[in-house]
$ cat my_file_5.pdb   # PDB, C-alpha atoms, pLDDT in the B column
ATOM      1  CA  VAL A   1       0.000   0.000   0.000  1.00 92.00           C
ATOM      2  CA  GLN A   2       1.266   3.467  -0.882  1.00 96.00           C
ATOM      3  CA  LEU A   3       0.180   6.192   1.501  1.00 97.00           C
ATOM      4  CA  GLN A   4       0.204   9.912   0.834  1.00 96.00           C
ATOM      5  CA  ALA A   5      -0.519  12.230   3.750  1.00 96.00           C
ATOM      6  CA  SER A   6      -1.516  15.841   3.234  1.00 96.00           C
ATOM      7  CA  GLY A   7      -3.267  18.728   4.939  1.00 97.00           C
ATOM      8  CA  GLY A   8      -0.685  19.822   7.450  1.00 96.00           C
ATOM      9  CA  GLY A   9       0.066  23.463   8.096  1.00 97.00           C
ATOM     10  CA  SER A  10       0.488  26.197  10.669  1.00 98.00           C
ATOM     11  CA  VAL A  11      -2.370  27.346  12.877  1.00 98.00           C
ATOM     12  CA  GLN A  12      -2.873  29.209  16.105  1.00 98.00           C
ATOM     13  CA  ALA A  13      -3.862  27.479  19.302  1.00 98.00           C
ATOM     14  CA  GLY A  14      -7.552  26.689  19.314  1.00 98.00           C
ATOM     15  CA  GLY A  15      -7.651  26.298  15.553  1.00 98.00           C
ATOM     16  CA  SER A  16      -8.457  23.292  13.395  1.00 98.00           C
ATOM     17  CA  LEU A  17      -6.876  21.280  10.629  1.00 98.00           C
ATOM     18  CA  THR A  18      -7.909  18.314   8.547  1.00 98.00           C
ATOM     19  CA  LEU A  19      -5.321  15.751   7.519  1.00 98.00           C
ATOM     20  CA  SER A  20      -5.938  13.282   4.709  1.00 98.00           C
ATOM     21  CA  CYS A  21      -4.238  10.024   3.880  1.00 98.00           C
ATOM     22  CA  ALA A  22      -4.756   8.729   0.352  1.00 97.00           C
ATOM     23  CA  ALA A  23      -4.041   5.029  -0.149  1.00 96.00           C
ATOM     24  CA  SER A  24      -3.319   3.130  -3.342  1.00 93.00           C
ATOM     25  CA  GLY A  25      -1.956  -0.179  -4.521  1.00 91.00           C
ATOM     26  CA  ARG A  26      -3.965  -2.657  -2.464  1.00 87.00           C
ATOM     27  CA  THR A  27      -7.560  -3.265  -1.395  1.00 92.00           C
ATOM     28  CA  PHE A  28      -8.192  -0.317   0.885  1.00 93.00           C
ATOM     29  CA  SER A  29     -10.985  -1.967   2.864  1.00 92.00           C
ATOM     30  CA  ASN A  30      -8.665  -4.782   4.011  1.00 93.00           C
ATOM     31  CA  TYR A  31      -6.692  -2.402   6.168  1.00 95.00           C
ATOM     32  CA  ALA A  32      -7.058  -0.678   9.475  1.00 96.00           C
ATOM     33  CA  PHE A  33      -5.410   2.738   9.556  1.00 97.00           C
ATOM     34  CA  GLY A  34      -3.662   4.659  12.212  1.00 98.00           C
ATOM     35  CA  TRP A  35      -2.251   8.134  12.694  1.00 98.00           C
ATOM     36  CA  PHE A  36       0.902   8.687  14.683  1.00 98.00           C
ATOM     37  CA  ARG A  37       2.928  11.783  15.365  1.00 98.00           C
ATOM     38  CA  GLN A  38       6.481  12.600  16.264  1.00 98.00           C
ATOM     39  CA  ALA A  39       7.761  15.832  17.700  1.00 96.00           C
ATOM     40  CA  PRO A  40      11.458  16.784  17.639  1.00 92.00           C
ATOM     41  CA  GLY A  41      13.386  14.861  20.250  1.00 94.00           C
ATOM     42  CA  LYS A  42      10.409  12.719  21.197  1.00 96.00           C
ATOM     43  CA  GLU A  43       9.302   9.185  20.440  1.00 96.00           C
ATOM     44  CA  ARG A  44       6.577   8.426  17.946  1.00 97.00           C
ATOM     45  CA  GLU A  45       3.184   8.704  19.617  1.00 97.00           C
ATOM     46  CA  PHE A  46      -0.087   6.998  18.802  1.00 98.00           C
ATOM     47  CA  VAL A  47      -2.840   9.459  17.855  1.00 98.00           C
ATOM     48  CA  ALA A  48      -5.832   7.557  16.470  1.00 98.00           C
ATOM     49  CA  ALA A  49      -6.850   4.379  14.650  1.00 98.00           C
ATOM     50  CA  ILE A  50      -9.843   3.087  12.757  1.00 97.00           C
ATOM     51  CA  SER A  51     -10.719  -0.517  11.981  1.00 96.00           C
ATOM     52  CA  TRP A  52     -11.077  -1.850   8.436  1.00 95.00           C
ATOM     53  CA  SER A  53     -14.858  -1.816   8.793  1.00 94.00           C
ATOM     54  CA  GLY A  54     -14.867   1.739  10.094  1.00 94.00           C
ATOM     55  CA  GLU A  55     -17.008   0.581  13.013  1.00 96.00           C
ATOM     56  CA  SER A  56     -14.339   1.025  15.663  1.00 97.00           C
ATOM     57  CA  THR A  57     -12.059   3.918  16.486  1.00 97.00           C
ATOM     58  CA  TYR A  58      -9.547   4.530  19.220  1.00 97.00           C
ATOM     59  CA  TYR A  59      -7.686   7.635  20.338  1.00 98.00           C
ATOM     60  CA  GLY A  60      -4.644   8.489  22.329  1.00 98.00           C
ATOM     61  CA  ASP A  61      -5.340  10.082  25.702  1.00 97.00           C
ATOM     62  CA  SER A  62      -3.835  13.415  24.704  1.00 97.00           C
ATOM     63  CA  VAL A  63      -6.195  13.865  21.727  1.00 98.00           C
ATOM     64  CA  GLU A  64      -9.352  12.142  22.922  1.00 97.00           C
ATOM     65  CA  GLY A  65     -12.332  14.456  22.430  1.00 97.00           C
ATOM     66  CA  ARG A  66     -10.415  16.843  20.136  1.00 98.00           C
ATOM     67  CA  PHE A  67      -9.454  14.705  17.137  1.00 98.00           C
ATOM     68  CA  THR A  68     -11.719  12.578  14.959  1.00 98.00           C
ATOM     69  CA  ILE A  69     -10.669   9.818  12.583  1.00 98.00           C
ATOM     70  CA  SER A  70     -12.838   8.605   9.728  1.00 98.00           C
ATOM     71  CA  ARG A  71     -12.501   6.694   6.486  1.00 97.00           C
ATOM     72  CA  ASP A  72     -14.118   6.735   3.075  1.00 94.00           C
ATOM     73  CA  ASN A  73     -13.704   3.338   1.449  1.00 91.00           C
ATOM     74  CA  ALA A  74     -15.103   4.627  -1.858  1.00 92.00           C
ATOM     75  CA  LYS A  75     -12.364   7.271  -2.037  1.00 95.00           C
ATOM     76  CA  ASN A  76      -9.570   5.186  -0.452  1.00 96.00           C
ATOM     77  CA  THR A  77      -8.990   7.963   2.039  1.00 97.00           C
ATOM     78  CA  VAL A  78      -8.568   8.238   5.777  1.00 98.00           C
ATOM     79  CA  VAL A  79      -9.187  11.607   7.388  1.00 98.00           C
ATOM     80  CA  LEU A  80      -8.044  12.968  10.731  1.00 98.00           C
ATOM     81  CA  HIS A  81      -9.836  16.111  11.864  1.00 98.00           C
ATOM     82  CA  LEU A  82      -7.942  18.079  14.491  1.00 98.00           C
ATOM     83  CA  ASP A  83      -9.889  20.507  16.675  1.00 98.00           C
ATOM     84  CA  SER A  84      -8.940  22.715  19.613  1.00 98.00           C
ATOM     85  CA  LEU A  85      -5.301  22.460  18.680  1.00 98.00           C
ATOM     86  CA  LYS A  86      -2.635  23.102  21.284  1.00 98.00           C
ATOM     87  CA  PRO A  87       1.058  23.980  20.886  1.00 97.00           C
ATOM     88  CA  GLU A  88       1.902  20.501  22.199  1.00 97.00           C
ATOM     89  CA  ASP A  89       0.152  19.026  19.141  1.00 98.00           C
ATOM     90  CA  THR A  90       3.025  20.318  17.013  1.00 98.00           C
ATOM     91  CA  ALA A  91       4.626  17.346  15.281  1.00 98.00           C
ATOM     92  CA  VAL A  92       5.007  15.479  12.029  1.00 98.00           C
ATOM     93  CA  TYR A  93       1.887  13.363  11.542  1.00 98.00           C
ATOM     94  CA  PHE A  94       2.121   9.986   9.830  1.00 98.00           C
ATOM     95  CA  CYS A  95      -0.580   7.706   8.543  1.00 98.00           C
ATOM     96  CA  ALA A  96      -0.063   3.952   8.545  1.00 98.00           C
ATOM     97  CA  ALA A  97      -1.872   0.848   7.307  1.00 97.00           C
ATOM     98  CA  ASP A  98      -2.294  -2.508   9.036  1.00 95.00           C
ATOM     99  CA  PHE A  99      -3.631  -5.561   7.168  1.00 93.00           C
ATOM    100  CA  THR A 100      -6.405  -6.696   9.513  1.00 87.00           C
ATOM    101  CA  VAL A 101      -9.308  -7.947   7.402  1.00 83.00           C
ATOM    102  CA  HIS A 102      -8.926 -11.435   8.937  1.00 85.00           C
ATOM    103  CA  SER A 103      -8.727 -10.112  12.490  1.00 86.00           C
ATOM    104  CA  GLY A 104     -12.315  -9.070  13.046  1.00 87.00           C
ATOM    105  CA  ARG A 105     -14.221  -5.998  12.001  1.00 89.00           C
ATOM    106  CA  HIS A 106     -13.457  -4.124  15.222  1.00 91.00           C
ATOM    107  CA  TYR A 107      -9.754  -4.879  15.408  1.00 92.00           C
ATOM    108  CA  LEU A 108      -7.278  -2.026  15.462  1.00 92.00           C
ATOM    109  CA  ALA A 109      -3.859  -1.432  16.922  1.00 92.00           C
ATOM    110  CA  TYR A 110      -2.154   1.407  18.753  1.00 93.00           C
ATOM    111  CA  ASP A 111       1.303  -0.156  18.611  1.00 95.00           C
ATOM    112  CA  SER A 112       3.226   1.299  15.676  1.00 95.00           C
ATOM    113  CA  HIS A 113       5.083  -1.993  15.181  1.00 96.00           C
ATOM    114  CA  GLU A 114       1.884  -3.636  13.963  1.00 95.00           C
ATOM    115  CA  TYR A 115       1.589  -1.325  10.983  1.00 97.00           C
ATOM    116  CA  GLU A 116       3.179  -2.554   7.774  1.00 96.00           C
ATOM    117  CA  TYR A 117       2.958   0.541   5.599  1.00 97.00           C
ATOM    118  CA  TRP A 118       3.724   4.177   6.328  1.00 97.00           C
ATOM    119  CA  GLY A 119       3.237   7.484   4.590  1.00 95.00           C
ATOM    120  CA  GLN A 120       5.834  10.230   4.435  1.00 93.00           C
ATOM    121  CA  GLY A 121       4.365  12.501   7.111  1.00 94.00           C
ATOM    122  CA  THR A 122       2.872  15.970   7.131  1.00 97.00           C
ATOM    123  CA  GLN A 123       3.927  18.795   9.453  1.00 98.00           C
ATOM    124  CA  VAL A 124       1.480  20.367  11.884  1.00 98.00           C
ATOM    125  CA  THR A 125       2.618  23.471  13.730  1.00 98.00           C
ATOM    126  CA  VAL A 126       0.496  25.108  16.403  1.00 98.00           C
ATOM    127  CA  SER A 127       1.535  28.480  17.748  1.00 97.00           C
ATOM    128  CA  SER A 128       0.419  29.967  21.044  1.00 94.00           C
TER
END

$ encode --input "my_file_5.pdb" --output "structure tokens"
Amino acid sequence: VQLQASGGGSVQAGGSLTLSCAASGRTFSNYAFGWFRQAPGKEREFVAAISWSGESTYYGDSVEGRFTISRDNAKNTVVLHLDSLKPEDTAVYFCAADFTVHSGRHYLAYDSHEYEYWGQGTQVTVSS
């Protein structure tokens, strides 16, 4: 699967952004997708994930209630909507794909090691 992330940018605290991840090359609906982020000098952090069916989602504690993940299987796209942004949300955001169609329609992972494919990342910068 090839993944192309886009939508990053610079916003002020309290603002919003929408990140998109376009997938190609394999059957999109066979994959769960996750978003991770990495700030300078910090480890990669789980942000959100959505199961292959779209019926289950999961969020990291630091973004719960502010970010929303969704998928459009007809458009082969996963979207992460970021609301109420904070300076600590500043990071490079990566989308990733995990082949999970045989693991149950609600299965998803928050461990980055489970994801087989990664996009190139998109920068999000939040100023105070």

$ closest_residue --input "my_file_5.pdb" --among "A:Val1, A:Cys21, A:Leu82, A:Val101" --to "Ser51 in chain A" --atoms "only C-alpha atoms"
A:Val101

$ resolve_selection --input "my_file_5.pdb" --expression "the PyMOL selection byres ((chain A and resi 55) around 12)" --output "number ranges by chain"
A: 32, 49-54, 56-58, 69-71, 104-108

$ write_last_selection --input "my_file_5.pdb" --atoms "C-alpha atoms" --output "PDB file, in the frame of the given file"
ATOM      1  CA  ALA A  32      -7.058  -0.678   9.475  1.00 96.00           C
ATOM      2  CA  ALA A  49      -6.850   4.379  14.650  1.00 98.00           C
ATOM      3  CA  ILE A  50      -9.843   3.087  12.757  1.00 97.00           C
ATOM      4  CA  SER A  51     -10.719  -0.517  11.981  1.00 96.00           C
ATOM      5  CA  TRP A  52     -11.077  -1.850   8.436  1.00 95.00           C
ATOM      6  CA  SER A  53     -14.858  -1.816   8.793  1.00 94.00           C
ATOM      7  CA  GLY A  54     -14.867   1.739  10.094  1.00 94.00           C
ATOM      8  CA  SER A  56     -14.339   1.025  15.663  1.00 97.00           C
ATOM      9  CA  THR A  57     -12.059   3.918  16.486  1.00 97.00           C
ATOM     10  CA  TYR A  58      -9.547   4.530  19.220  1.00 97.00           C
ATOM     11  CA  ILE A  69     -10.669   9.818  12.583  1.00 98.00           C
ATOM     12  CA  SER A  70     -12.838   8.605   9.728  1.00 98.00           C
ATOM     13  CA  ARG A  71     -12.501   6.694   6.486  1.00 97.00           C
ATOM     14  CA  GLY A 104     -12.315  -9.070  13.046  1.00 87.00           C
ATOM     15  CA  ARG A 105     -14.221  -5.998  12.001  1.00 89.00           C
ATOM     16  CA  HIS A 106     -13.457  -4.124  15.222  1.00 91.00           C
ATOM     17  CA  TYR A 107      -9.754  -4.879  15.408  1.00 92.00           C
ATOM     18  CA  LEU A 108      -7.278  -2.026  15.462  1.00 92.00           C
TER      19      LEU A 108
END

$ resolve_selection --input "my_file_5.pdb" --expression "the PyMOL selection byres ((chain A and resi 73-80) around 12)" --output "PyMOL selection string"
chain A and resi 1-8+16-37+47-54+57+59+63+66-72+81-83+93-97+119+122

$ atom_distance --input "my_file_5.pdb" --atom1 "CA of Glu64 in chain A" --atom2 "CA of Glu45 in chain A"
13.4 Å

$ resolve_selection --input "my_file_5.pdb" --expression "the PyMOL selection byres ((chain A and resi 11) around 10)" --output "PyMOL selection string"
chain A and resi 8-10+12-17+85-87+90+124-128

$ atom_distance --input "my_file_5.pdb" --atom1 "CA of Lys42 in chain A" --atom2 "CA of Gln120 in chain A"
17.6 Å

$ atom_distance --input "my_file_5.pdb" --atom1 "CA of Phe99 in chain A" --atom2 "CA of Gly65 in chain A"
26.6 Å

$ closest_residue --input "my_file_5.pdb" --among "A:Gly60, A:Trp118, A:Phe46, A:Gln123" --to "Ala91 in chain A" --atoms "all atoms listed in the file"
A:Gln123

$ closest_residue --input "my_file_5.pdb" --among "A:Pro40, A:Asp98, A:Glu88, A:Ser103" --to "Tyr117 in chain A" --atoms "only C-alpha atoms"
A:Asp98
